[in-house]
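Below is one structure, written out as structure tokens; the observations come after it.
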Amino acid sequence: MNSLGLSVAASAAKSGSPVHDICCYGAGIAGNIFALVLFVSPLPTFKRIVRNRSTEQFSVMPYIYSLLNCLICMWYGLPFVSYGVVLVATVNSIGAVFQLAYTAAFISFADAKHRVKVSSLLVTVFFVFGLIVYVSLALFDHQTRQIFVGYLSVASLIFMFASPLSIINLVIRTRSVEYMPFYLSLSMFLMSVSFFAYGVLLHDFFIYIPNGIGTVLGVIQLLLYTYYRKGSRDERLPLLVTHA
């Protein structure tokens, strides 16, 4: 679900052997599957929001950031920008739908003040995305467009890594994995590994660099889970849900 190389993926895709192509698509499809697990992980929280008809103290910001990230990475994966990385577009288009649905739920059940704030943030996200699309189409040729959108996608993905870093810091401070569910961390690790392999096979710097970082963070999370799990209580709501 991720995108950074100045080599064009299309050339790699055209010159790949059948075995190379199978491995490439296998890695991309695996990444899509593991990403889906991440996308559905906040559902228990939103069931609670719908049941209580209140957003309580939950923050919408992770979903706003994720929506913008998915839109940028989706744009990178489309043929308008990149050739041969359609699985990046598919996973991020699905992710954008989930993040939009979660944001809509916030708008539906937030109080009037927060409803206006969240609606404004949502409009801002689509304005920024629209501006990126317009600038990339109007000002750049195809190769330069790929580089421009690729660096934007990498920046957004690295920014998204602030969430795992904050969780890692929390685990170390509290010596507990209470707020770091194992299966969520495992899915994040497997997704990052899959897209790292996908990017390497396509020689696409904009895909394998951020997912390489994600893989390292995933390993750290799993090692911390192994080290601190004995002193932890039952796992709680998914890590992707943060409190204000």
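Here's how to read the names in the structure tokens: chain A, B, ... by the order shown, residue numbers from 1 in each chain, ligand numbers from 1 in the order shown.
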Write out as a PyMOL selection string all residues of segment 11-222 of chain A that backbone DSSP assigns to helix (DSSP H, G or I). chain A and resi 11-15+18-40+43-52+61-77+86-109+112-139+142-160+162-174+182-202+205-222
Which residues, written as number ranges by chain, have at least one atom at most 6 Å from segment 145-152 of chain A, with only C-alpha atoms counted and residues fewer than 5 positions away on the same chain left out? A: 4, 76, 81-82, 136, 140, 206
Using only C-alpha atoms, which of the listed residues (A:Pro210, A:Gly95, A:Gly26, A:Gly31) sits closest to Phe159 of chain A?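 Result for the nearest residue to Phe159 of chain A: A:Pro210.
Here atom CA of Phe127 of chain A is placed at a distance of 14.5 Å from atom CA of Cys70 of chain A.
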Can you pull out the residues contacting segment 39-42 of chain A? Cut-off 12 Å, using only C-alpha atoms, and skip same-chain residues under 2 positions away; I want them as number ranges by chain. A: 1, 32-37, 44-49, 58, 60, 62-63, 66-67, 70, 91-103, 105, 181-185, 187-188, 191, 236-242
Do a neighbour search on Leu224 of chain A at 9 Å with only C-alpha atoms, toss out local chain neighbours closer than 3 positions, and write the hits as a PDB file with C-alpha atoms, in the first residue's frame.
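Output saved as around23.pdb:
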ATOM      1  CA  ILE A 168       6.475   1.491  20.565  1.00  0.00           C
ATOM      2  CA  VAL A 171       5.009  -0.099  25.252  1.00  0.00           C
ATOM      3  CA  ILE A 172       8.526   0.663  26.482  1.00  0.00           C
ATOM      4  CA  SER A 176       2.980  -3.564  28.630  1.00  0.00           C
ATOM      5  CA  VAL A 177       1.599  -4.561  25.204  1.00  0.00           C
ATOM      6  CA  VAL A 219       9.941  -6.508  13.606  1.00  0.00           C
ATOM      7  CA  ILE A 220      10.493  -4.128  16.538  1.00  0.00           C
ATOM      8  CA  GLN A 221       6.812  -4.346  17.506  1.00  0.00           C
ATOM      9  CA  TYR A 227       9.433  -9.383  25.538  1.00  0.00           C
ATOM     10  CA  TYR A 228       6.594  -7.588  27.378  1.00  0.00           C
ATOM     11  CA  ARG A 229       3.554  -9.810  26.835  1.00  0.00           C
TER      12      ARG A 229
END
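Omitting segment 111-121 of chain A and its sequence neighbours fewer than 6 positions away, and counting only C-alpha atoms, the residues within 10 Å are Ser54, Thr55, Glu56, Val60, Met61, Ile64, Tyr65, Thr103, Ala104 and Phe127 of chain A.
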Any idea what's packed within 8 Å of Ser192 of chain A, counting only C-alpha atoms, ignoring anything in its chain fewer than 5 positions away? Could you give it as a VMD selection string? chain A and resid 31 211 to 212 214 to 215 218
Selection from above, C-alpha atoms, as a PDB file, in the first residue's frame, can you write it?
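Written out: part_27.pdb:
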ATOM      1  CA  GLY A  31       0.090  -7.343   0.560  1.00  0.00           C
ATOM      2  CA  ASN A 211       7.759  -0.632   3.207  1.00  0.00           C
ATOM      3  CA  GLY A 212      11.307  -1.504   4.217  1.00  0.00           C
ATOM      4  CA  GLY A 214       7.540  -0.513   7.870  1.00  0.00           C
ATOM      5  CA  THR A 215       9.104  -3.980   7.977  1.00  0.00           C
ATOM      6  CA  GLY A 218       7.022  -4.382  12.426  1.00  0.00           C
TER       7      GLY A 218
END
What is the distance between atom CA of Val133 of chain A and atom CA of Tyr198 of chain A, in Å to one decimal? 24.6 Å
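For the residues A:Leu217, A:Ile132, A:Val154, A:Leu202, ranking by smallest atom-to-atom distance to Ser17 of chain A using only C-alpha atoms places A:Leu202 first.
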